[in-house]
file final13.cif (mmCIF, C-alpha atoms)
data_input
loop_
_atom_site.label_atom_id
_atom_site.label_comp_id
_atom_site.auth_asym_id
_atom_site.auth_seq_id
_atom_site.Cartn_x
_atom_site.Cartn_y
_atom_site.Cartn_z
CA MET A 39 -10.33 25.74 -3.42
CA LYS A 40 -8.75 24.91 -0.08
CA ILE A 41 -6.29 22.08 0.61
CA ARG A 42 -6.25 21.02 4.26
CA HIS A 43 -5.59 18.07 6.54
CA ALA A 44 -8.49 15.66 6.77
CA ASN A 45 -10.10 14.77 10.08
CA ILE A 46 -12.58 12.21 11.34
CA ASP A 47 -15.50 14.52 10.55
CA ASP A 48 -14.62 14.19 6.84
CA CYS A 49 -15.49 10.48 6.72
CA THR A 50 -18.90 10.97 5.14
CA GLY A 51 -17.55 13.21 2.40
CA ILE A 52 -14.52 11.01 1.73
CA SER A 53 -16.67 7.88 1.50
CA GLN A 54 -19.08 9.64 -0.87
CA LEU A 55 -16.15 10.81 -2.99
CA HIS A 56 -14.69 7.32 -3.38
CA ARG A 57 -18.05 5.78 -4.19
CA ALA A 58 -18.70 8.47 -6.80
CA VAL A 59 -15.39 7.72 -8.52
CA ASP A 60 -15.71 3.97 -8.39
CA LYS A 61 -19.22 2.60 -8.01
CA THR A 62 -17.67 -0.74 -7.05
CA THR A 63 -15.25 0.51 -4.40
CA SER A 64 -15.43 -2.72 -2.47
CA TRP A 65 -12.55 -5.14 -2.16
CA ARG A 66 -13.54 -8.78 -2.17
CA GLU A 67 -13.45 -8.77 1.65
CA GLY A 68 -14.88 -5.23 1.93
CA GLY A 69 -13.14 -1.90 1.32
CA PRO A 70 -12.39 0.96 3.71
CA TRP A 71 -14.39 3.57 1.79
CA VAL A 72 -17.45 1.49 0.95
CA ASN A 73 -19.42 3.12 3.77
CA GLU A 74 -18.98 5.83 6.36
CA ASN A 75 -18.31 3.52 9.31
CA LEU A 76 -15.51 1.60 7.59
CA CYS A 77 -14.09 4.85 6.26
CA ARG A 78 -14.00 6.27 9.79
CA GLU A 79 -12.24 3.17 11.08
CA HIS A 80 -9.69 3.32 8.27
CA ILE A 81 -8.93 7.04 8.72
CA GLU A 82 -8.64 6.71 12.51
CA SER A 83 -6.13 3.87 12.08
CA ALA A 84 -4.21 5.62 9.28
CA LEU A 85 -3.82 8.81 11.33
CA LYS A 86 -2.75 6.76 14.37
CA TYR A 87 -0.06 5.11 12.22
CA GLY A 88 1.24 8.53 11.13
CA TRP A 89 -0.27 8.87 7.65
CA GLU A 90 -0.94 12.30 6.17
CA ILE A 91 -4.41 12.73 4.66
CA TYR A 92 -5.36 15.85 2.73
CA VAL A 93 -8.64 16.90 1.17
CA ALA A 94 -9.46 19.51 -1.46
CA GLU A 95 -12.55 21.39 -0.38
CA GLU A 96 -14.86 23.99 -1.83
CA GLY A 97 -18.22 23.66 -0.15
CA GLU A 98 -17.79 19.89 -0.36
CA ILE A 99 -14.88 17.47 -0.64
CA LEU A 100 -13.62 17.52 -4.22
CA GLY A 101 -10.62 15.23 -3.81
CA GLU A 102 -8.56 13.30 -1.27
CA VAL A 103 -5.00 12.00 -1.03
CA GLU A 104 -3.54 9.60 1.54
CA VAL A 105 0.22 9.68 2.07
CA VAL A 106 2.44 7.23 3.95
CA ALA A 107 6.01 8.10 4.98
CA GLY A 108 8.58 5.65 6.28
CA GLU A 109 12.23 4.70 6.36
CA GLU A 110 13.37 1.91 4.02
CA PRO A 111 16.70 0.52 2.80
CA GLU A 112 18.11 1.78 -0.50
CA PRO A 113 17.07 2.57 -3.15
CA TYR A 114 14.04 4.13 -1.45
CA GLY A 115 15.55 5.61 1.71
CA TYR A 116 13.12 7.90 3.54
CA ASN A 117 10.11 7.35 1.31
CA VAL A 118 6.93 9.38 0.95
CA HIS A 119 4.31 7.32 -0.84
CA ILE A 120 0.97 8.29 -2.35
CA SER A 121 -1.34 5.47 -1.30
CA VAL A 122 -4.60 6.90 -2.64
CA LEU A 123 -5.59 9.92 -4.73
CA TYR A 124 -9.21 10.37 -5.79
CA VAL A 125 -10.96 13.33 -7.41
CA HIS A 126 -14.74 13.53 -7.72
CA PRO A 127 -15.87 13.00 -11.34
CA LYS A 128 -17.67 16.36 -11.36
CA TYR A 129 -14.40 18.17 -10.60
CA GLN A 130 -11.86 16.29 -12.68
CA GLY A 131 -9.86 18.33 -15.16
CA ILE A 132 -9.88 21.61 -13.17
CA GLY A 133 -6.63 21.14 -11.25
CA VAL A 134 -7.81 19.40 -8.08
CA GLY A 135 -5.41 16.47 -8.46
CA ARG A 136 -2.55 18.81 -9.33
CA LYS A 137 -3.12 20.86 -6.18
CA LEU A 138 -3.18 17.74 -4.03
CA ILE A 139 0.04 16.47 -5.62
CA ASN A 140 1.70 19.84 -5.05
CA GLU A 141 0.74 19.61 -1.36
CA VAL A 142 2.34 16.16 -1.16
CA VAL A 143 5.51 17.41 -2.91
CA GLU A 144 5.85 20.19 -0.34
CA TYR A 145 5.35 17.68 2.46
CA ALA A 146 8.05 15.42 0.98
CA LYS A 147 10.47 18.33 0.62
CA SER A 148 9.88 19.57 4.15
CA ASN A 149 10.64 16.09 5.49
CA ASP A 150 13.82 15.67 3.38
CA ALA A 151 12.39 12.63 1.61
CA ASP A 152 14.72 10.62 -0.62
CA THR A 153 11.91 9.33 -2.83
CA LEU A 154 8.31 10.24 -3.60
CA THR A 155 6.51 7.27 -5.09
CA VAL A 156 3.14 6.08 -6.34
CA VAL A 157 1.76 2.90 -7.90
CA PRO A 158 -0.69 4.28 -10.47
CA SER A 159 -3.55 2.61 -12.26
CA ARG A 160 -3.29 2.42 -16.03
CA ASN A 161 -5.81 5.25 -16.33
CA SER A 162 -3.82 7.57 -14.06
CA MET A 163 -0.34 6.89 -15.51
CA GLY A 164 -0.51 9.87 -17.86
CA PHE A 165 -1.52 12.24 -15.06
CA TYR A 166 1.43 11.27 -12.89
CA GLU A 167 3.85 11.54 -15.81
CA LYS A 168 2.60 15.10 -16.41
CA MET A 169 3.30 15.77 -12.73
CA GLY A 170 6.93 14.73 -13.19
CA PHE A 171 6.82 11.09 -12.08
CA ARG A 172 8.88 8.51 -13.97
CA ILE A 173 9.06 4.71 -13.86
CA TYR A 174 11.37 3.67 -11.03
CA GLU A 175 10.79 -0.08 -10.82
CA GLU A 176 8.60 -2.72 -12.46
CA TRP A 177 7.14 -5.70 -10.61
CA LYS A 178 5.63 -8.88 -12.05
CA LYS A 179 3.11 -11.27 -10.56
CA ILE A 180 3.60 -15.00 -10.33
CA ILE A 181 0.82 -17.41 -9.35
CA VAL A 182 2.10 -20.46 -7.50
CA THR A 183 -0.27 -23.42 -7.71
CA PRO A 184 -0.28 -26.55 -5.49
CA GLN A 185 1.54 -28.73 -8.01
CA ASN A 186 4.48 -26.30 -7.89
CA TRP A 187 4.81 -26.52 -4.12
CA HIS A 188 7.88 -28.67 -3.64
CA SER A 189 9.74 -26.51 -1.15
CA LYS A 190 12.29 -28.36 0.96
CA ASN A 191 12.58 -25.37 3.30
CA SER A 192 12.70 -26.64 6.88
CA GLU A 193 13.39 -23.41 8.75
CA LYS A 194 11.57 -22.65 11.98
CA LEU A 195 8.57 -20.31 11.83
CA THR A 196 7.68 -18.07 14.79
CA ALA A 197 4.33 -16.30 14.81
CA LEU A 198 4.95 -12.55 15.06
CA GLU A 199 3.31 -10.77 17.99
CA ASN A 200 5.08 -7.39 17.94
CA LYS A 201 3.79 -5.58 14.85
CA ASP A 202 5.69 -2.30 15.10
CA TYR A 203 7.09 -1.07 11.78
CA SER A 204 10.56 -0.73 13.35
CA LEU A 205 10.92 -4.51 12.91
CA VAL A 206 11.16 -4.20 9.13
CA LYS A 207 12.21 -0.65 8.32
CA TYR A 208 15.79 -1.79 7.70
CA LEU A 209 14.70 -4.79 5.63
CA PRO A 210 13.75 -4.38 1.96
CA LEU A 211 10.25 -5.40 0.91
CA ILE A 212 11.36 -7.90 -1.74
CA VAL A 213 8.06 -9.69 -2.36
CA GLY A 214 4.65 -8.01 -2.60
CA ARG A 215 5.48 -4.35 -3.19
CA TYR A 216 1.96 -3.34 -4.18
CA GLN A 217 2.57 -0.08 -2.28
CA SER A 218 5.45 1.25 -0.18
CA SER A 219 6.90 -0.88 2.61
CA LYS A 220 5.19 1.06 5.41
CA ASN A 221 1.94 1.29 3.47
CA VAL A 222 1.90 -2.50 3.07
CA TRP A 223 2.89 -3.07 6.70
CA ASP A 224 0.19 -0.77 8.08
CA SER A 225 -2.53 -2.02 5.74
CA VAL A 226 -1.77 -5.75 5.75
CA VAL A 227 -0.01 -6.53 9.03
CA ARG A 228 -1.51 -3.92 11.35
CA ARG A 229 -4.74 -3.51 9.30
CA THR A 230 -6.45 -0.15 8.91
CA PHE A 231 -9.98 -1.57 9.02
CA SER A 232 -11.52 -4.64 10.60
CA LEU A 233 -12.90 -6.29 7.44
CA MET A 234 -9.39 -6.63 6.05
CA PRO A 235 -8.52 -10.33 6.52
CA GLU A 236 -6.03 -10.90 9.32
CA ALA A 237 -2.62 -11.82 7.98
CA ASP A 238 -0.53 -14.83 8.99
CA VAL A 239 2.77 -13.16 9.96
CA TYR A 240 5.94 -15.04 10.85
CA GLU A 241 9.46 -14.18 11.88
CA THR A 242 11.79 -16.49 9.97
CA GLU A 243 15.48 -16.97 9.25
CA CYS A 244 15.09 -15.04 6.00
CA GLY A 245 13.12 -12.14 7.52
CA ILE A 246 9.43 -11.36 8.06
CA VAL A 247 6.87 -13.18 5.90
CA ALA A 248 3.15 -12.38 5.80
CA LEU A 249 0.32 -14.08 3.92
CA VAL A 250 -3.17 -12.63 3.61
CA GLY A 251 -6.29 -14.08 2.02
CA ARG A 252 -8.29 -17.25 2.17
CA ASP A 253 -8.07 -19.86 -0.59
CA VAL A 254 -5.96 -17.52 -2.70
CA LYS A 255 -3.32 -15.85 -0.55
CA THR A 256 -0.97 -12.96 -1.31
CA ALA A 257 2.62 -13.10 -0.06
CA PHE A 258 4.61 -10.21 1.44
CA CYS A 259 8.26 -10.68 2.43
CA TRP A 260 10.75 -8.38 4.11
CA GLY A 261 14.27 -9.80 3.82
CA ARG A 262 17.36 -10.05 1.61
CA ASP A 263 17.12 -13.50 0.04
CA GLU A 264 14.20 -13.49 -2.43
CA LYS A 265 14.39 -17.20 -3.23
CA MET A 266 14.42 -18.22 0.43
CA CYS A 267 11.58 -15.82 1.28
CA ILE A 268 9.40 -17.23 -1.50
CA SER A 269 10.20 -20.77 -0.37
CA THR A 270 9.16 -19.83 3.17
CA ALA A 271 5.96 -18.18 1.89
CA ILE A 272 5.10 -21.40 0.03
CA LYS A 273 5.65 -23.38 3.23
CA ILE A 274 3.31 -21.06 5.13
CA GLY A 275 0.80 -21.27 2.29
CA ARG A 276 0.72 -25.03 2.50
CA ARG A 277 0.42 -24.91 6.28
CA THR A 278 -2.51 -22.45 6.13
CA GLY A 279 -4.42 -24.29 3.41
CA ALA A 280 -3.94 -21.91 0.47
CA LYS A 281 -4.92 -23.26 -2.94
CA LYS A 282 -2.95 -20.57 -4.76
CA LEU A 283 -0.31 -18.06 -3.79
CA LYS A 284 0.21 -14.66 -5.44
CA VAL A 285 3.87 -13.66 -5.50
CA LEU A 286 4.87 -10.19 -6.75
CA VAL A 287 8.59 -9.77 -7.49
CA CYS A 288 10.73 -7.04 -9.03
CA GLY A 289 11.41 -7.58 -12.72
CA LYS A 290 11.54 -5.70 -16.00
CA GLY A 291 8.38 -5.80 -18.05
CA GLY A 292 6.18 -6.35 -15.01
CA GLU A 293 2.62 -5.10 -15.10
CA LEU A 294 2.93 -3.14 -11.84
CA LYS A 295 4.83 0.13 -12.23
CA ILE A 296 6.31 2.11 -9.36
CA LEU A 297 6.82 5.76 -10.25
CA ASN A 298 9.16 8.21 -8.50
CA ARG A 299 9.36 11.99 -8.69
CA ASN A 300 12.61 13.89 -8.20
CA PHE A 301 12.43 17.22 -6.39
#

call {"tool": "encode", "arguments": {"input": "final13.cif", "output": "structure tokens"}}
result
Amino acid sequence: MKIRHANIDDCTGISQLHRAVDKTTSWREGGPWVNENLCREHIESALKYGWEIYVAEEGEILGEVEVVAGEEPEPYGYNVHISVLYVHPKYQGIGVGRKLINEVVEYAKSNDADTLTVVPSRNSMGFYEKMGFRIYEEWKKIIVTPQNWHSKNSEKLTALENKDYSLVKYLPLIVGRYQSSKNVWDSVVRRTFSLMPEADVYETECGIVALVGRDVKTAFCWGRDEKMCISTAIKIGRRTGAKKLKVLVCGKGGELKILNRNF
């Protein structure tokens, strides 16, 4: 079995792999692996944004991992994040995932990473724990409905045109940490494939606030004042016609677990 960097020519195999693992690999607005063309678009963008993508190969693609590295404030520091790890059902249980993780660990070590993180599914939690990952933070989801929207926030909102990650790398992602800060920025703000809904992104007094979605929007905030950021997100939600707003915040007992592995 060979572990190597993925390239654009791997799009067919990677798309087939994802669809074999999850027959419904299709986000509500369309997912990047649901067909070869979207997969190609996603991989081209991810590589342009500096992601590392590895595949396990033995005649065909057995597994794939996508890794995003970026600077963040403490406690993450220079963070290497596992965005996606999939192993074909036919080859699960023979060490494919372990070999891919070992490749990522070596990458993190060689780049002097401070943290190596992943947000696992419930089904994959045990695998990552066996690989040395431990719970680092817990995040809980809050749904804000229209009757709760009584924000008196009157700060000025400026639509963000420059979407380089350098704008937020020194600001903590305090709302919406579904993945690492750079992973979220690249996927949501810069978008890695065209069917991903375009986000409403604003520069505000409290930091950078982004909302993505249609009737139900998800909030992402880079800043230092959580309460003010949420208030600003609610204001943007009202302005953009959202019926509900998903707000993910750090808190013990939350359903989303961020795992970290020490070297």

call {"tool": "resolve_selection", "arguments": {"input": "final13.cif", "expression": "the PyMOL selection byres ((chain A and resi 124) around 6)", "output": "JSON list (two decimals) with C-alpha atoms, in the coordinates of the input"}}
result
[["chain", "number", "residue", "atom", "x", "y", "z"],
["A", 101, "GLY", "CA", -10.62, 15.23, -3.81],
["A", 102, "GLU", "CA", -8.56, 13.30, -1.27],
["A", 123, "LEU", "CA", -5.59, 9.92, -4.73],
["A", 125, "VAL", "CA", -10.96, 13.33, -7.41]]

call {"tool": "resolve_selection", "arguments": {"input": "final13.cif", "expression": "the PyMOL selection byres ((chain A and resi 108) around 9)", "output": "list of chain:residue names"}}
result
A:Val106, A:Ala107, A:Glu109, A:Glu110, A:Gly115, A:Tyr116, A:Asn117, A:Val118, A:His119, A:Tyr203, A:Lys207, A:Ser218, A:Ser219, A:Lys220, A:Asn221

call {"tool": "residues_around", "arguments": {"input": "final13.cif", "residues": "Ile274 of chain A", "least_positions_apart": "6", "cutoff": "9 Å", "atoms": "only C-alpha atoms", "output": "list in words"}}
result
Leu195, Asp238, Tyr240, Val247, Ala248, Leu249 and Ala280 of chain A

call {"tool": "resolve_selection", "arguments": {"input": "final13.cif", "expression": "the PyMOL selection byres ((chain A and resi 263) around 12)", "output": "list in words"}}
result
Leu209, Pro210, Leu211, Ile212, Val213, Thr242, Glu243, Cys244, Gly245, Ile246, Val247, Cys259, Trp260, Gly261, Arg262, Glu264, Lys265, Met266, Cys267, Ile268, Ser269, Thr270 and Val287 of chain A

call {"tool": "closest_residue", "arguments": {"input": "final13.cif", "among": "A:Ile46, A:Ile91, A:Val157, A:Val143", "to": "Gly170 of chain A", "atoms": "all atoms listed in the file"}}
result
A:Val143

call {"tool": "residues_near_point", "arguments": {"input": "final13.cif", "point": "(9.5, -0.4, -8.6)", "cutoff": "8 Å", "atoms": "all atoms listed in the file", "output": "ChimeraX atom specification"}}
result
/A:173-177,215,288,294-297

call {"tool": "closest_residue", "arguments": {"input": "final13.cif", "among": "A:Lys178, A:Glu95, A:Val122, A:Asn161", "to": "Val134 of chain A", "atoms": "all atoms listed in the file"}}
result
A:Glu95
